[in-house]
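Have a look at input-v3.txt; it's compact mmCIF, C-alpha atoms:
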```txt
# COMPACT_ATOMS: atom_id res chain seq x y z
CA MET M 1391 78.63 -84.61 8.80
CA ALA M 1392 81.01 -87.43 7.93
CA GLU M 1393 83.69 -87.40 10.61
CA THR M 1394 83.36 -85.34 13.75
CA LYS M 1395 84.73 -85.49 17.24
CA TYR M 1396 81.64 -84.28 19.06
CA GLY M 1397 78.77 -85.56 16.92
CA LYS M 1398 78.42 -88.54 19.28
CA HIS M 1399 77.13 -86.15 21.94
CA ILE M 1400 74.06 -85.30 19.88
CA LEU M 1401 71.43 -87.99 20.33
CA ARG M 1402 68.98 -87.85 17.47
CA ASN M 1403 67.10 -91.06 18.12
CA ALA M 1404 66.51 -91.07 21.86
CA PHE M 1405 62.91 -92.21 21.76
CA LYS M 1406 61.32 -94.88 23.92
CA THR M 1407 57.84 -95.83 25.01
CA HIS M 1408 57.64 -96.15 28.78
CA HIS M 1409 54.05 -95.09 29.24
CA GLN M 1410 51.27 -94.13 26.84
CA MET M 1411 53.18 -92.68 23.90
CA GLU M 1412 56.64 -92.69 22.51
CA GLY M 1413 58.66 -90.04 24.31
CA LEU M 1414 62.13 -88.60 24.46
CA SER M 1415 64.21 -90.78 26.72
CA ALA M 1416 67.96 -91.03 27.16
CA GLY M 1417 69.88 -93.22 29.56
CA GLY M 1418 73.16 -92.50 31.30
CA ASP M 1419 75.24 -94.63 28.98
CA GLU M 1420 73.68 -93.01 25.93
CA MET M 1421 74.53 -89.55 27.24
CA ASP M 1422 77.73 -90.68 28.98
CA ALA M 1423 76.51 -88.92 32.12
CA ASP M 1424 75.27 -89.88 35.55
CA CYS M 1425 71.78 -88.87 34.55
CA ILE M 1426 68.67 -90.34 32.96
CA ILE M 1427 66.05 -88.17 31.25
CA THR M 1428 62.58 -89.29 30.26
CA HIS M 1429 60.00 -86.91 28.79
CA HIS M 1430 56.58 -88.43 28.26
CA VAL M 1431 53.15 -87.14 27.37
CA PHE M 1432 50.07 -88.50 29.08
CA THR M 1433 46.75 -88.17 27.29
CA LYS M 1434 44.58 -90.24 29.60
CA PRO M 1435 44.47 -91.25 33.27
CA GLU M 1436 46.88 -93.93 34.42
CA MET M 1437 48.01 -95.38 37.72
CA VAL M 1438 51.74 -95.23 37.10
CA LEU M 1439 52.89 -96.65 40.43
CA LYS M 1440 50.60 -98.83 42.47
CA GLU M 1441 53.07 -99.44 45.26
CA PRO M 1442 55.70 -97.18 46.80
CA HIS M 1443 59.36 -97.76 46.14
CA SER M 1444 62.57 -95.87 46.75
CA HIS M 1445 66.06 -95.40 45.36
CA SER M 1446 68.65 -95.37 48.11
CA ASP M 1447 71.49 -93.98 46.06
CA PHE M 1448 70.09 -91.38 43.71
CA VAL M 1449 67.86 -88.35 43.64
CA GLN M 1450 64.89 -88.30 41.30
CA LEU M 1451 63.10 -85.21 40.05
CA LEU M 1452 59.54 -85.72 38.87
CA CYS M 1453 58.29 -82.80 36.81
CA PHE M 1454 54.65 -82.34 35.91
CA LEU M 1455 54.11 -79.81 33.14
CA GLY M 1456 51.32 -78.65 30.90
CA THR M 1457 51.62 -78.76 27.13
CA ASN M 1458 50.54 -75.26 26.18
CA PRO M 1459 53.79 -73.76 24.89
CA LEU M 1460 52.42 -70.25 25.24
CA ASP M 1461 51.49 -70.64 28.89
CA VAL M 1462 53.52 -72.93 31.08
CA ARG M 1463 51.06 -72.32 33.93
CA ASP M 1464 48.26 -73.94 31.93
CA PHE M 1465 47.99 -77.40 33.47
CA GLY M 1466 44.89 -78.31 31.48
CA GLY M 1467 42.82 -79.31 34.50
CA ALA M 1468 44.99 -82.33 35.28
CA VAL M 1469 44.98 -83.85 38.76
CA ILE M 1470 47.79 -86.11 39.92
CA GLU M 1471 48.07 -87.80 43.28
CA ILE M 1472 51.45 -88.76 44.66
CA CYS M 1473 52.28 -90.24 48.03
CA LEU M 1474 55.59 -89.53 49.71
CA GLY M 1475 57.32 -91.12 52.67
CA GLU M 1476 56.81 -94.32 54.60
CA GLU M 1477 53.58 -92.76 55.83
CA GLN M 1478 52.33 -92.44 52.24
CA GLU M 1479 51.51 -88.80 52.80
CA LYS M 1480 49.23 -87.93 49.90
CA HIS M 1481 49.75 -84.77 47.83
CA VAL M 1482 47.55 -83.50 45.05
CA ILE M 1483 49.20 -81.79 42.10
CA ASP M 1484 46.88 -79.63 40.04
CA SER M 1485 49.36 -77.08 38.73
CA PRO M 1486 52.83 -77.42 37.18
CA ALA M 1487 55.22 -78.75 39.79
CA ILE M 1488 58.53 -80.43 40.36
CA VAL M 1489 58.71 -83.10 43.03
CA SER M 1490 62.22 -83.52 44.35
CA VAL M 1491 62.52 -87.06 45.65
CA ALA M 1492 65.52 -87.39 47.94
CA LYS M 1493 67.64 -90.53 48.11
CA GLY M 1494 65.76 -93.23 49.97
CA LEU M 1495 62.45 -91.36 50.11
CA PRO M 1496 59.60 -93.77 49.32
CA HIS M 1497 57.30 -92.47 46.58
CA GLY M 1498 54.11 -93.92 45.25
CA PRO M 1499 51.39 -94.67 44.59
CA LEU M 1500 51.50 -92.20 41.68
CA ASN M 1501 48.17 -91.73 40.01
CA PHE M 1502 47.49 -89.55 36.97
CA LYS M 1503 43.89 -89.28 38.06
CA VAL M 1504 42.36 -86.63 35.81
CA ILE M 1505 43.83 -85.84 32.39
CA SER M 1506 41.59 -83.60 30.31
CA ARG M 1507 44.33 -82.30 28.04
CA PRO M 1508 47.79 -83.80 27.46
CA ILE M 1509 50.41 -83.17 30.10
CA ILE M 1510 54.13 -83.87 30.29
CA PHE M 1511 55.73 -86.15 32.83
CA LEU M 1512 59.45 -85.38 32.85
CA GLU M 1513 61.76 -87.45 35.01
CA VAL M 1514 65.38 -86.64 35.74
CA MET M 1515 67.27 -89.28 37.65
CA LEU M 1516 70.75 -88.56 38.93
CA THR M 1517 72.13 -91.99 38.16
CA ARG M 1518 73.65 -93.67 35.16
CA THR M 1519 71.39 -96.73 35.32
CA TYR M 1520 67.89 -97.06 36.73
CA HIS M 1521 67.37 -99.30 39.71
CA GLN M 1522 65.11 -99.38 42.72
CA ASP M 1523 65.46 -100.77 46.23
CA MET G 401 47.75 -79.26 53.65
CA ALA G 402 48.38 -77.49 56.94
CA GLU G 403 51.16 -79.62 58.36
CA SER G 404 53.15 -81.85 56.14
CA LYS G 405 56.53 -83.51 56.25
CA TYR G 406 57.05 -83.84 52.52
CA GLY G 407 55.22 -80.88 51.08
CA LYS G 408 58.58 -79.11 50.79
CA CYS G 409 59.56 -81.64 48.11
CA ILE G 410 56.84 -80.31 45.82
CA LYS G 411 57.92 -77.11 44.12
CA THR G 412 55.22 -75.07 42.45
CA GLY G 413 56.75 -71.61 42.58
CA LEU G 414 59.39 -72.04 39.91
CA ILE G 415 57.63 -70.24 37.07
CA ILE G 416 59.23 -67.04 35.87
CA ASP G 417 59.19 -64.73 32.91
CA ILE G 418 62.44 -64.65 30.94
CA PRO G 419 62.11 -62.09 28.17
CA HIS G 420 63.99 -63.91 25.40
CA TYR G 421 61.73 -66.95 25.61
CA THR G 422 58.05 -67.17 24.77
CA GLY G 423 55.56 -67.26 27.61
CA LYS G 424 56.96 -68.28 30.96
CA SER G 425 59.66 -70.74 31.94
CA VAL G 426 60.07 -73.25 34.73
CA LEU G 427 63.41 -72.54 36.30
CA ALA G 428 65.37 -74.10 39.15
CA HIS G 429 68.93 -72.84 38.87
CA ASN G 430 69.66 -71.86 42.45
CA GLY G 431 69.44 -75.01 44.50
CA GLU G 432 65.63 -74.99 44.70
CA LEU G 433 65.52 -78.71 43.94
CA ASP G 434 67.79 -79.61 46.85
CA ALA G 435 69.67 -81.85 44.44
CA ASP G 436 72.88 -81.65 42.48
CA CYS G 437 70.84 -80.75 39.44
CA SER G 438 69.35 -77.65 37.92
CA ILE G 439 66.58 -77.44 35.35
CA GLY G 440 65.21 -74.91 32.93
CA TYR G 441 62.18 -75.57 30.73
CA HIS G 442 61.47 -72.99 28.07
CA CYS G 443 59.35 -72.46 24.99
CA ILE G 444 60.83 -70.98 21.84
CA THR G 445 58.68 -69.65 19.03
CA LYS G 446 61.00 -67.36 17.14
CA PRO G 447 64.64 -67.26 16.08
CA MET G 448 67.14 -66.42 18.80
CA SER G 449 70.66 -67.31 19.79
CA PHE G 450 73.10 -67.88 22.60
CA ASP G 451 76.27 -66.39 21.30
CA HIS G 452 79.17 -66.74 23.69
CA PRO G 453 81.26 -69.94 23.67
CA HIS G 454 81.80 -71.23 27.19
CA SER G 455 82.17 -74.42 29.16
CA HIS G 456 81.12 -75.69 32.58
CA LYS G 457 82.70 -77.87 35.22
CA PHE G 458 79.67 -80.18 35.09
CA PRO G 459 77.78 -82.09 32.39
CA GLU G 460 74.89 -80.28 30.78
CA MET G 461 72.11 -81.86 28.76
CA LEU G 462 70.32 -79.60 26.31
CA CYS G 463 67.13 -81.07 24.86
CA PHE G 464 65.31 -79.76 21.82
CA ILE G 465 61.81 -81.20 21.75
CA GLY G 466 58.97 -80.66 19.32
CA GLY G 467 56.16 -78.67 20.93
CA ASN G 468 53.33 -80.89 19.74
CA PRO G 469 52.36 -82.96 22.78
CA GLU G 470 50.77 -85.61 20.61
CA ASP G 471 54.04 -86.14 18.75
CA VAL G 472 57.33 -84.92 20.18
CA THR G 473 59.03 -85.69 16.86
CA ASP G 474 56.90 -83.05 15.13
CA PHE G 475 59.78 -80.63 14.85
CA GLY G 476 59.72 -77.41 12.88
CA ALA G 477 63.03 -75.75 13.64
CA GLU G 478 66.61 -75.57 12.48
CA ILE G 479 69.28 -75.04 15.07
CA GLU G 480 72.98 -74.56 14.54
CA PHE G 481 74.81 -75.93 17.51
CA THR G 482 78.53 -75.38 17.92
CA LEU G 483 80.12 -77.98 20.13
CA GLY G 484 83.84 -78.10 20.71
CA GLY G 485 84.20 -75.68 17.83
CA GLU G 486 82.31 -77.98 15.45
CA LYS G 487 79.10 -76.76 13.89
CA HIS G 488 76.21 -79.25 13.96
CA THR G 489 72.73 -78.79 12.56
CA ILE G 490 69.71 -80.03 14.47
CA THR G 491 66.48 -80.44 12.53
CA SER G 492 64.78 -83.11 14.64
CA THR G 493 64.10 -83.70 18.32
CA ALA G 494 67.46 -84.29 19.99
CA VAL G 495 69.42 -84.35 23.22
CA VAL G 496 72.86 -82.82 23.29
CA SER G 497 74.90 -84.23 26.14
CA ILE G 498 77.77 -81.86 26.81
CA PRO G 499 80.58 -83.29 28.93
CA SER G 500 82.28 -81.19 31.58
CA GLY G 501 84.78 -78.82 30.06
CA VAL G 502 83.61 -79.00 26.44
CA LYS G 503 83.03 -75.58 24.93
CA HIS G 504 79.62 -74.96 23.43
CA CYS G 505 77.89 -72.07 21.65
CA PRO G 506 76.95 -70.31 19.59
CA ILE G 507 73.55 -72.01 19.57
CA VAL G 508 71.50 -70.37 16.87
CA PHE G 509 67.79 -71.05 16.45
CA LYS G 510 67.86 -70.10 12.78
CA LYS G 511 64.36 -71.18 11.78
CA VAL G 512 61.43 -71.70 14.12
CA GLU G 513 58.33 -72.64 12.18
CA LYS G 514 56.64 -74.47 15.07
CA PRO G 515 57.04 -73.88 18.83
CA LEU G 516 59.61 -76.10 20.45
CA VAL G 517 60.63 -76.91 24.00
CA PHE G 518 64.17 -76.11 25.08
CA LEU G 519 64.94 -78.14 28.17
CA GLU G 520 68.24 -77.71 29.95
CA ILE G 521 69.42 -80.05 32.68
CA SER G 522 72.74 -79.44 34.38
CA LEU G 523 74.35 -81.69 36.94
CA THR G 524 75.09 -78.93 39.37
CA ARG G 525 73.21 -77.53 42.34
CA ILE G 526 73.74 -73.92 41.32
CA TRP G 527 73.82 -72.85 37.67
CA LYS G 528 75.19 -69.45 36.85
CA PRO G 529 75.05 -67.87 33.42
CA PRO G 530 78.35 -67.91 31.60
CA ARG G 531 80.43 -64.80 31.78
CA ARG G 532 80.35 -62.67 28.72
CA PRO G 533 83.70 -62.29 27.09
CA PRO G 534 85.52 -59.25 28.38
CA LYS G 535 85.12 -56.17 26.28
CA ASN G 536 88.23 -54.46 25.06
CA LYS G 537 89.33 -52.08 27.71
CA PRO G 538 89.05 -48.46 26.67
CA ALA G 539 92.36 -46.89 26.02
CA GLU G 540 93.98 -45.56 29.15
CA LYS G 541 93.52 -41.88 29.53
CA GLN G 542 96.73 -40.14 28.94
CA ALA G 543 98.24 -38.53 31.97
CA LYS G 544 97.91 -34.89 31.86
```
Mind converting the file's structure to structure tokens?
Amino acid sequence: MAETKYGKHILRNAFKTHHQMEGLSAGGDEMDADCIITHHVFTKPEMVLKEPHSHSDFVQLLCFLGTNPLDVRDFGGAVIEICLGEEQEKHVIDSPAIVSVAKGLPHGPLNFKVISRPIIFLEVMLTRTYHQD
Amino acid sequence: MAESKYGKCIKTGLIIDIPHYTGKSVLAHNGELDADCSIGYHCITKPMSFDHPHSHKFPEMLCFIGGNPEDVTDFGAEIEFTLGGEKHTITSTAVVSIPSGVKHCPIVFKKVEKPLVFLEISLTRIWKPPRRPPKNKPAEKQAK
């Protein structure tokens, strides 16, 4: 389409490599919204965060999803460990889950410990630009 | 874990069956995330549409992602997306960032040759489906 008013809202090249593979990733300025989206597939184990950190001024949603489009409950046998809070309270995720990380809540380490089949790590950050404390 | 301070942050009960999608969806539209954000994650395997133009008082990001986990750009669908009255065609993985107040729909999944993920993220705590346009009122019964 040659000239349109709203075509700028459709991002057709929002790909970045943050982890193992190129994924869909759009920043706040790209979307002109106070939101960042990253959608990445993990095919092998990886320690994503070795140390805890926090974000004092935005909420972060960490979504862990399987990749079987016909069964969203199929988590492919993956095991992810995430620690929350100053106490580093450890939680094990072995089924699809969303972790809602409140402003200022320390999170990490984050360890994709067992990955037998690909899984999706989807992050939604309610901020225009990424930053950590 | 018997007693935990942060276990409430981990939501595992958000999977529901929505008939017009394939399989099950992950859905948090009613404040479940305890954040000013709602999420829906759906799989689409056959043509479908959202017909009624509407707008929201919050930004909404609609993502169309190829269903092949090894390559999210492996996209086998054609979607007609009407935004602000303009018709756009989506044939590759894309994010549509809809500002507050901009009318959108119809969204027509015209061809679906490979499964795709439809991810919706709205910057609101509670997301309610748009109202259908009012039907024409039946003619008033004539007074006897």
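Neighbouring residues of Gly423 in chain G at 7 Å or closer, counting only C-alpha atoms and skipping chain neighbours under 6 positions away, are Leu1460, Asp1461 and Val1462 of chain M; Asp417 and Cys443 of chain G.
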## Note on the structure
Counting all atoms listed in the file, the residue among G:Asp451, G:Glu480, G:Glu403, G:Glu432 that lies closest to Pro530 in chain G is G:Asp451
### Task
Hey, list the chain M side of the contact with chain G: 7 Å cut-off, all atoms listed in the file, answer as a count of residues only.
23
### Query
Looking at only C-alpha atoms, which of M:His1445, M:Lys1406, M:Lys1434, M:His1429 is the one that sits closest to Thr1519 in chain M?
M:His1445
Can you sort out the box for range 1423-1433 of chain M, edges along x, y and z, all listed atoms in, 8 Å on every side, with centre and edge lengths in Å to one decimal, as lines of an AutoDock Vina configuration file?
```
center_x = 61.6
center_y = -88.6
center_z = 31.4
size_x = 45.8
size_y = 19.4
size_z = 24.3
```
### Message
Using all atoms listed in the file, can you tell me which of G:Lys503, G:Lys514, G:Arg525, G:Arg531 comes closest to His429 in chain G?
### Response
G:Arg525
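Using all atoms listed in the file for every distance, the candidate list G:Ser438, G:Ile526, G:His504, G:Ser455 yields G:Ser438 as the residue closest to Leu1516 in chain M.
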### Selection near Ile1509 in chain M, 9 Å with all atoms listed in the file, sequence-local residues under 3 positions removed, as number ranges by chain
M: 1430-1433, 1454-1458, 1465-1466, 1468, 1505-1506; G: 469
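Those DNA, RNA and protein residues that approach the point (77.9, -76.6, 37.1) to within 6 Å, considering only C-alpha atoms, are His456, Lys457, Phe458, Thr524 and Trp527 of chain G.
Taking CA of Leu1451 in chain M and CA of Phe1405 in chain M as the two end points, the separation is 19.6 Å.
Note that CA of Leu427 in chain G and CA of Met448 in chain G are 18.9 Å apart.
Interatomic distance, CA of Pro506 in chain G to CA of Ala1416 in chain M: 23.8 Å.
Minimum distance to Glu513 in chain G across G:Pro529, G:Pro453, G:Pro419, G:Pro447 (counting all atoms listed in the file) occurs at G:Pro447.
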Within 9 Å of file point (59.3, -92.3, 51.2), counting all atoms listed in the file, expressed as a tab-separated table (two decimals) with C-alpha atoms, in the frame of the given file:
```tsv
chain	number	residue	atom	x	y	z
M	1442	PRO	CA	55.70	-97.18	46.80
M	1443	HIS	CA	59.36	-97.76	46.14
M	1444	SER	CA	62.57	-95.87	46.75
M	1473	CYS	CA	52.28	-90.24	48.03
M	1474	LEU	CA	55.59	-89.53	49.71
M	1475	GLY	CA	57.32	-91.12	52.67
M	1476	GLU	CA	56.81	-94.32	54.60
M	1477	GLU	CA	53.58	-92.76	55.83
M	1478	GLN	CA	52.33	-92.44	52.24
M	1479	GLU	CA	51.51	-88.80	52.80
M	1491	VAL	CA	62.52	-87.06	45.65
M	1492	ALA	CA	65.52	-87.39	47.94
M	1494	GLY	CA	65.76	-93.23	49.97
M	1495	LEU	CA	62.45	-91.36	50.11
M	1496	PRO	CA	59.60	-93.77	49.32
M	1497	HIS	CA	57.30	-92.47	46.58
M	1498	GLY	CA	54.11	-93.92	45.25
G	406	TYR	CA	57.05	-83.84	52.52
```
